[in-house]
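Here's the structure, in structure tokens; my notes come after.
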Amino acid sequence: LSSHEQANPSVVDQQTAPCVHFDHWKTSHTLLTLRPLYEALLEHPISWSDEHGGFWVVTGYDEIKAIELNPGRFSSAKGVFLPRPDGFPPIVALEQDPPDHTAMRLLYRQWLSAETIKAQEPMIRVLSRSTIGEFAAHGGGDFVREVSETLPVQIIAVSLGLEEEATRIHELTSLIASPGNPDAVFSLIELLQSQIIARRAEPKNDFLSTLIHSKLDGHLISDQEAIGWLLGAVTAGHETTLLAGAGLALQLAQDPDLQQRIADMPELVPQVVNESLRLHPPVLAFFRTVTEDCQTGGVTMRKGDKVMLAFGAGNIDRRRFPNPLKFEPDRIFSGHLSFGWGIHRCVGAPLAQLELAVLAEELLRFRFIVDGPVEFGPPTANGSFIGISRLPLAPTAGEP
Ligand code: HEM
């Protein structure tokens, strides 16, 4: 990190802001190496990076929130990745501004309402219990490959009515998140399109059938709109929940006292899930584009500037989280930014939190321990996601 002199600290713009050569997509980054970098960056909650054509790096908790709460000035519609992955169509809701965003988000909320999520809990429990039970039965192994890579996408597929396609969807969403597979997205589009055609011919009692008969701004949703929506649904909740699951499993497996505390006080699970999300944020960065010259957080931004929201840095901003690197499920203030904030705040958060809570409960039935070197992987999806890539676990208790 370096920083140039500030000639006039009251006017901080691209030229005078602290300049950091921060590249979110650098393959040497891991969740662990990012933490000290974030701590250094947090000296200036907003700085300027000269990588990828230049962008603002927003690390401060309050500064990230302020930007999230002003979508008119900080647009998502020009893409939330920097650079944008080749050939990937704009992601529905995530890469839209109001009013387009509003209608699509409403459809997500319909699918992910508190009621429907509650109704899915038994399905989530059955899938999690059988996956973790099998994993424990053969003595554990790599939790990432055997458990967290398969569960989230299976849950999403089943909840949409695409149970039989779950394996293929899983293959394709994994390919999409890793570099060098530009065709994977077209294969996934093809798969979704064929399912839409099948449901139009013969509706079933599933959400996909509801979706294709839904209205968007007063008109019947088109195939193209439905495909965009489905693409968002199956991609947004896969890699993120996978990485969050691995973070949570590590947190539990390396801390027998925590496992005991939860066994004694199961109501602690949601707090453990949230604290784990704070320290293992799956989304490294999403970007915004400035729509008009403006001042924010003491910095002058220009129309067209790119702005990186470093959620993981905001999560360890000591102005909000005292002793920020410590895992403390009893924190009074627990409003982490791992799901974002404002109108784009993750619409799948309640589902993800339920999946993670069930995961923790099912893992605790076997009291797992870490059983080998843990690997923290590099950023994927053009520097958007980050987390654990290998997590060897072994059960210490037999079948309960
Ligand atoms: C632990 C798991 C998850 C994490 C950490 C996560 C994180 C995020 C983040 C950071 C955003 C952007 C928020 C912003 O820009 O302010 C987001 C948006 C979104 N997420 Fe998630 N997500 C997770 C799981 C899910 C799941 C399970 C689903 C659906 C099944 C989902 C669907 C979406 C959608 C549709 C959006 C776009 C919302 C909008 O722009 O209005 N996510 N998520």
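Identifiers in the structure tokens: chain A, B, ... in order shown; residue index from 1 per chain; ligand index from 1 in order shown.
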Check which residues of chain A sit at most 7 Å from ligand 1 using only C-alpha atoms and all ligand atoms, and return one row each with the closest pair of atoms and their distance in Å to one decimal, ordered by chain and rising number, as a Markdown table.
| residue | atom | partner | partner_atom_place_in_ligand_line | distance |
| --- | --- | --- | --- | --- |
| A:Glu68 | CA | ligand 1 | 16 (O) | 6.1 |
| A:Ala93 | CA | ligand 1 | 40 (O) | 4.1 |
| A:Leu94 | CA | ligand 1 | 40 (O) | 3.2 |
| A:Glu95 | CA | ligand 1 | 40 (O) | 6.6 |
| A:His101 | CA | ligand 1 | 41 (O) | 6.7 |
| A:Arg105 | CA | ligand 1 | 41 (O) | 5.3 |
| A:Tyr108 | CA | ligand 1 | 35 (C) | 6.3 |
| A:Ile156 | CA | ligand 1 | 30 (C) | 5.9 |
| A:Gly232 | CA | ligand 1 | 35 (C) | 5.7 |
| A:Ala233 | CA | ligand 1 | 29 (C) | 5.2 |
| A:Val234 | CA | ligand 1 | 30 (C) | 6.7 |
| A:Ala236 | CA | ligand 1 | 32 (C) | 4.6 |
| A:Gly237 | CA | ligand 1 | 26 (C) | 3.3 |
| A:His238 | CA | ligand 1 | 27 (C) | 6.7 |
| A:Thr240 | CA | ligand 1 | 2 (C) | 4.5 |
| A:Thr241 | CA | ligand 1 | 2 (C) | 3.8 |
| A:Ala244 | CA | ligand 1 | 1 (C) | 5.0 |
| A:Leu277 | CA | ligand 1 | 1 (C) | 7.0 |
| A:Pro281 | CA | ligand 1 | 5 (C) | 6.0 |
| A:Pro282 | CA | ligand 1 | 5 (C) | 5.1 |
| A:Val283 | CA | ligand 1 | 10 (C) | 5.5 |
| A:Phe286 | CA | ligand 1 | 15 (O) | 6.4 |
| A:Ser338 | CA | ligand 1 | 5 (C) | 5.1 |
| A:Phe339 | CA | ligand 1 | 10 (C) | 4.0 |
| A:Gly340 | CA | ligand 1 | 16 (O) | 3.3 |
| A:Trp341 | CA | ligand 1 | 16 (O) | 4.4 |
| A:Gly342 | CA | ligand 1 | 16 (O) | 6.0 |
| A:Ile343 | CA | ligand 1 | 41 (O) | 5.8 |
| A:His344 | CA | ligand 1 | 41 (O) | 3.6 |
| A:Arg345 | CA | ligand 1 | 13 (C) | 4.1 |
| A:Cys346 | CA | ligand 1 | 18 (C) | 3.6 |
| A:Val347 | CA | ligand 1 | 33 (C) | 5.0 |
| A:Gly348 | CA | ligand 1 | 28 (C) | 3.6 |
| A:Ala349 | CA | ligand 1 | 24 (C) | 5.5 |
| A:Leu351 | CA | ligand 1 | 27 (C) | 5.5 |
| A:Ala352 | CA | ligand 1 | 27 (C) | 4.5 |
| A:Gln353 | CA | ligand 1 | 1 (C) | 6.8 |
Please identify all polymer residues within 10 Å of Gly141 (chain A), counting only C-alpha atoms, omitting same-chain residues fewer than 3 positions from it, and present them as a short mmCIF file (atom, residue, chain, number, x, y, z; two decimals) with N, CA, C and O atoms, in the first residue's frame.
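Output file around_23.cif follows:
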data_model
loop_
_atom_site.label_atom_id
_atom_site.label_comp_id
_atom_site.auth_asym_id
_atom_site.auth_seq_id
_atom_site.Cartn_x
_atom_site.Cartn_y
_atom_site.Cartn_z
N PHE A 135 -21.59 -38.08 4.75
CA PHE A 135 -20.23 -37.53 4.91
C PHE A 135 -19.61 -38.08 6.20
O PHE A 135 -18.47 -38.53 6.21
N ALA A 136 -20.39 -38.06 7.27
CA ALA A 136 -19.88 -38.54 8.56
C ALA A 136 -19.68 -40.06 8.51
O ALA A 136 -18.68 -40.58 9.03
N HIS A 138 -18.73 -42.02 6.20
CA HIS A 138 -17.46 -42.51 5.64
C HIS A 138 -16.25 -41.76 6.21
O HIS A 138 -15.20 -41.66 5.59
N VAL A 144 -15.89 -28.99 1.59
CA VAL A 144 -16.29 -28.10 0.48
C VAL A 144 -16.81 -28.93 -0.69
O VAL A 144 -17.90 -28.68 -1.22
N ARG A 145 -16.03 -29.94 -1.07
CA ARG A 145 -16.41 -30.73 -2.26
C ARG A 145 -17.62 -31.61 -1.97
O ARG A 145 -18.51 -31.73 -2.79
N GLU A 146 -17.64 -32.20 -0.79
CA GLU A 146 -18.67 -33.22 -0.54
C GLU A 146 -19.97 -32.68 0.04
O GLU A 146 -21.00 -33.30 -0.08
N VAL A 147 -19.91 -31.55 0.70
CA VAL A 147 -21.15 -31.04 1.32
C VAL A 147 -21.54 -29.66 0.77
O VAL A 147 -22.59 -29.49 0.16
N VAL A 370 -11.31 -30.30 12.59
CA VAL A 370 -10.51 -30.07 11.38
C VAL A 370 -9.47 -31.18 11.31
O VAL A 370 -8.81 -31.49 12.29
N ASP A 371 -9.34 -31.78 10.12
CA ASP A 371 -8.54 -33.00 10.01
C ASP A 371 -7.52 -32.88 8.86
O ASP A 371 -7.43 -33.75 8.00
N GLY A 372 -6.79 -31.78 8.82
CA GLY A 372 -5.81 -31.58 7.75
C GLY A 372 -5.72 -30.11 7.42
O GLY A 372 -6.44 -29.29 8.01
N ARG A 390 -10.85 -25.67 0.42
CA ARG A 390 -10.72 -27.07 0.88
C ARG A 390 -10.78 -27.09 2.40
O ARG A 390 -10.06 -26.32 3.04
N LEU A 391 -11.63 -27.96 2.92
CA LEU A 391 -11.81 -28.01 4.37
C LEU A 391 -11.93 -29.47 4.84
O LEU A 391 -13.04 -30.04 4.84
N PRO A 392 -10.79 -30.09 5.22
CA PRO A 392 -10.88 -31.49 5.66
C PRO A 392 -11.47 -31.58 7.06
O PRO A 392 -10.97 -30.96 7.99
N LEU A 393 -12.54 -32.33 7.19
CA LEU A 393 -13.21 -32.50 8.49
C LEU A 393 -13.36 -33.99 8.80
O LEU A 393 -13.50 -34.81 7.89
N ALA A 394 -13.33 -34.31 10.10
CA ALA A 394 -13.60 -35.69 10.52
C ALA A 394 -14.56 -35.66 11.70
O ALA A 394 -14.46 -34.79 12.57
N PRO A 395 -15.52 -36.60 11.72
CA PRO A 395 -16.46 -36.63 12.85
C PRO A 395 -15.79 -37.25 14.08
O PRO A 395 -14.94 -38.12 13.93
#
Q) When distances are computed from only C-alpha atoms, which of A:Val126, A:Leu211, A:Ile316, A:Ile196 shows the smallest separation from Glu362 (chain A)? A)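 Between A:Val126, A:Leu211, A:Ile316, A:Ile196, the residue approaching Glu362 (chain A) most closely is A:Val126.
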At a cut-off of 8 Å, using only C-alpha atoms, what residues contact region 224-230 of chain A? Leave out same-chain residues fewer than 2 positions from it and give the result as a PDB file with N, CA and C atoms, in the first residue's frame.
ATOM      1  N   PRO A  89     -24.984 -12.156 -19.420  1.00  0.00           N
ATOM      2  CA  PRO A  89     -26.038 -11.131 -19.499  1.00  0.00           C
ATOM      3  C   PRO A  89     -26.182 -10.408 -18.164  1.00  0.00           C
ATOM      4  N   ILE A  91     -27.211  -9.334 -14.659  1.00  0.00           N
ATOM      5  CA  ILE A  91     -27.925 -10.173 -13.687  1.00  0.00           C
ATOM      6  C   ILE A  91     -29.172  -9.442 -13.215  1.00  0.00           C
ATOM      7  N   VAL A  92     -30.279 -10.161 -13.340  1.00  0.00           N
ATOM      8  CA  VAL A  92     -31.576  -9.595 -12.984  1.00  0.00           C
ATOM      9  C   VAL A  92     -31.573  -9.143 -11.528  1.00  0.00           C
ATOM     10  N   MET A 104     -38.630  -7.041 -10.656  1.00  0.00           N
ATOM     11  CA  MET A 104     -37.930  -8.327 -10.568  1.00  0.00           C
ATOM     12  C   MET A 104     -37.719  -8.728  -9.114  1.00  0.00           C
ATOM     13  N   ILE A 189     -28.564 -21.348 -19.832  1.00  0.00           N
ATOM     14  CA  ILE A 189     -29.733 -20.674 -20.427  1.00  0.00           C
ATOM     15  C   ILE A 189     -30.578 -21.686 -21.207  1.00  0.00           C
ATOM     16  N   LEU A 192     -32.557 -23.869 -18.847  1.00  0.00           N
ATOM     17  CA  LEU A 192     -33.693 -23.162 -18.239  1.00  0.00           C
ATOM     18  C   LEU A 192     -34.807 -22.958 -19.256  1.00  0.00           C
ATOM     19  N   GLN A 193     -34.391 -22.634 -20.505  1.00  0.00           N
ATOM     20  CA  GLN A 193     -35.385 -22.406 -21.554  1.00  0.00           C
ATOM     21  C   GLN A 193     -36.207 -23.680 -21.798  1.00  0.00           C
ATOM     22  N   LEU A 211     -43.973 -18.827 -11.776  1.00  0.00           N
ATOM     23  CA  LEU A 211     -43.168 -17.758 -12.379  1.00  0.00           C
ATOM     24  C   LEU A 211     -43.619 -17.440 -13.809  1.00  0.00           C
ATOM     25  N   ILE A 212     -43.789 -18.476 -14.619  1.00  0.00           N
ATOM     26  CA  ILE A 212     -44.088 -18.191 -16.029  1.00  0.00           C
ATOM     27  C   ILE A 212     -45.512 -17.665 -16.231  1.00  0.00           C
ATOM     28  N   ILE A 221     -44.953 -12.250 -17.923  1.00  0.00           N
ATOM     29  CA  ILE A 221     -43.489 -12.346 -18.024  1.00  0.00           C
ATOM     30  C   ILE A 221     -43.117 -13.094 -19.321  1.00  0.00           C
ATOM     31  N   SER A 222     -42.127 -12.553 -20.053  1.00  0.00           N
ATOM     32  CA  SER A 222     -41.714 -13.216 -21.299  1.00  0.00           C
ATOM     33  C   SER A 222     -40.719 -14.328 -20.964  1.00  0.00           C
ATOM     34  N   GLY A 232     -30.526 -15.583 -12.381  1.00  0.00           N
ATOM     35  CA  GLY A 232     -30.173 -14.884 -11.135  1.00  0.00           C
ATOM     36  C   GLY A 232     -30.401 -15.788  -9.935  1.00  0.00           C
ATOM     37  N   ALA A 233     -31.546 -16.496  -9.954  1.00  0.00           N
ATOM     38  CA  ALA A 233     -31.902 -17.347  -8.801  1.00  0.00           C
ATOM     39  C   ALA A 233     -30.891 -18.466  -8.606  1.00  0.00           C
ATOM     40  N   VAL A 234     -30.516 -19.140  -9.694  1.00  0.00           N
ATOM     41  CA  VAL A 234     -29.639 -20.307  -9.499  1.00  0.00           C
ATOM     42  C   VAL A 234     -28.177 -19.919  -9.320  1.00  0.00           C
TER      43      VAL A 234
END
Q.
What's the separation between CA of His219 (chain A) and CA of Thr116 (chain A), in Å to one decimal place?
A.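 Calculated distance between CA of His219 (chain A) and CA of Thr116 (chain A) is 24.3 Å.
All residues of protein, DNA or RNA that reach within 8 Å of region 249-258 of chain A, judged by only C-alpha atoms and not counting those fewer than 4 positions away in the chain, are A:Gly245, A:Ile262, A:Ser276, A:Ala360, A:Leu363, A:Arg367, A:Phe368, A:Ile369, A:Val370, A:Leu391, A:Leu393.
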(Q) Just want the 7 Å neighbourhood of region 27-29 of chain A, counted on only C-alpha atoms, with same-chain residues fewer than 3 positions away dropped. Output as a ChimeraX atom specification. (A) /A:33-34,378-379
Any chance you could tabulate, as JSON lines, the residues of region 189-294 of chain A at most 12 Å from region 69-73 of chain A with each one's nearest atom pair and distance in Å to one decimal, using only C-alpha atoms, in chain and rising number order?
{"residue": "A:Phe287", "atom": "CA", "partner": "A:Pro71", "partner_atom": "CA", "distance": 11.7}
{"residue": "A:Arg288", "atom": "CA", "partner": "A:Pro71", "partner_atom": "CA", "distance": 8.6}
{"residue": "A:Thr289", "atom": "CA", "partner": "A:Arg73", "partner_atom": "CA", "distance": 8.1}
{"residue": "A:Val290", "atom": "CA", "partner": "A:Arg73", "partner_atom": "CA", "distance": 5.7}
{"residue": "A:Thr291", "atom": "CA", "partner": "A:Arg73", "partner_atom": "CA", "distance": 5.1}
{"residue": "A:Glu292", "atom": "CA", "partner": "A:Arg73", "partner_atom": "CA", "distance": 6.4}
{"residue": "A:Asp293", "atom": "CA", "partner": "A:Arg73", "partner_atom": "CA", "distance": 8.7}
{"residue": "A:Cys294", "atom": "CA", "partner": "A:Arg73", "partner_atom": "CA", "distance": 8.1}
Q) Looking only at the backbone, which of the residues in region 3-138 of chain A does DSSP tag as alpha helix (DSSP H), as JSON, numbers by chain? A) {"A": [31, 32, 33, 34, 35, 36, 37, 38, 39, 40, 41, 61, 62, 63, 64, 65, 66, 67, 68, 100, 101, 102, 103, 104, 105, 106, 107, 108, 109, 110, 111, 114, 115, 116, 117, 118, 119, 120, 121, 122, 123, 124, 125, 126, 127, 128, 129, 130, 131, 132, 133, 134, 135, 136, 137]}
Q. Restricting the calculation to only C-alpha atoms, which member of A:Phe74, A:Leu172, A:Glu239, A:Glu267 is positioned closest to Glu149 (chain A)?
A. A:Glu239
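Compared by their closest atoms to Ser128 (chain A), and using only C-alpha atoms, the residues A:Gln14, A:His44, A:Asp223, A:Ile155 rank with A:Ile155 nearest.
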(Q) For Asp86 (chain A), find every residue with an atom within 12 Å (counting only C-alpha atoms), except residues of its own chain fewer than 2 positions away, and show them as a list in words. (A)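 Returned residues: Gly79, Phe81, Leu82, Pro83, Arg84, Phe88, Pro89, Pro90, Ile176, Pro179, Gly180, Asn181, Pro182, Asp183, Ala184, Val185, Phe186, Ala381 and Asn382 of chain A.
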Q. When you draw a straight line from CA of Gln110 (chain A) to CA of Phe207 (chain A), how long is it in Å?
A. 9.6 Å
Q.
Let's see if you can do this: from backbone DSSP, list all strand (DSSP E) residues in region 183-264 of chain A, as a ChimeraX atom specification.
A. /A:215-216,219-220
Q. Suppose you want the space between CA of Ile386 (chain A) and CA of Leu354 (chain A); what is it in Å?
A.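 Result for CA of Ile386 (chain A) versus CA of Leu354 (chain A): 21.2 Å, one decimal.
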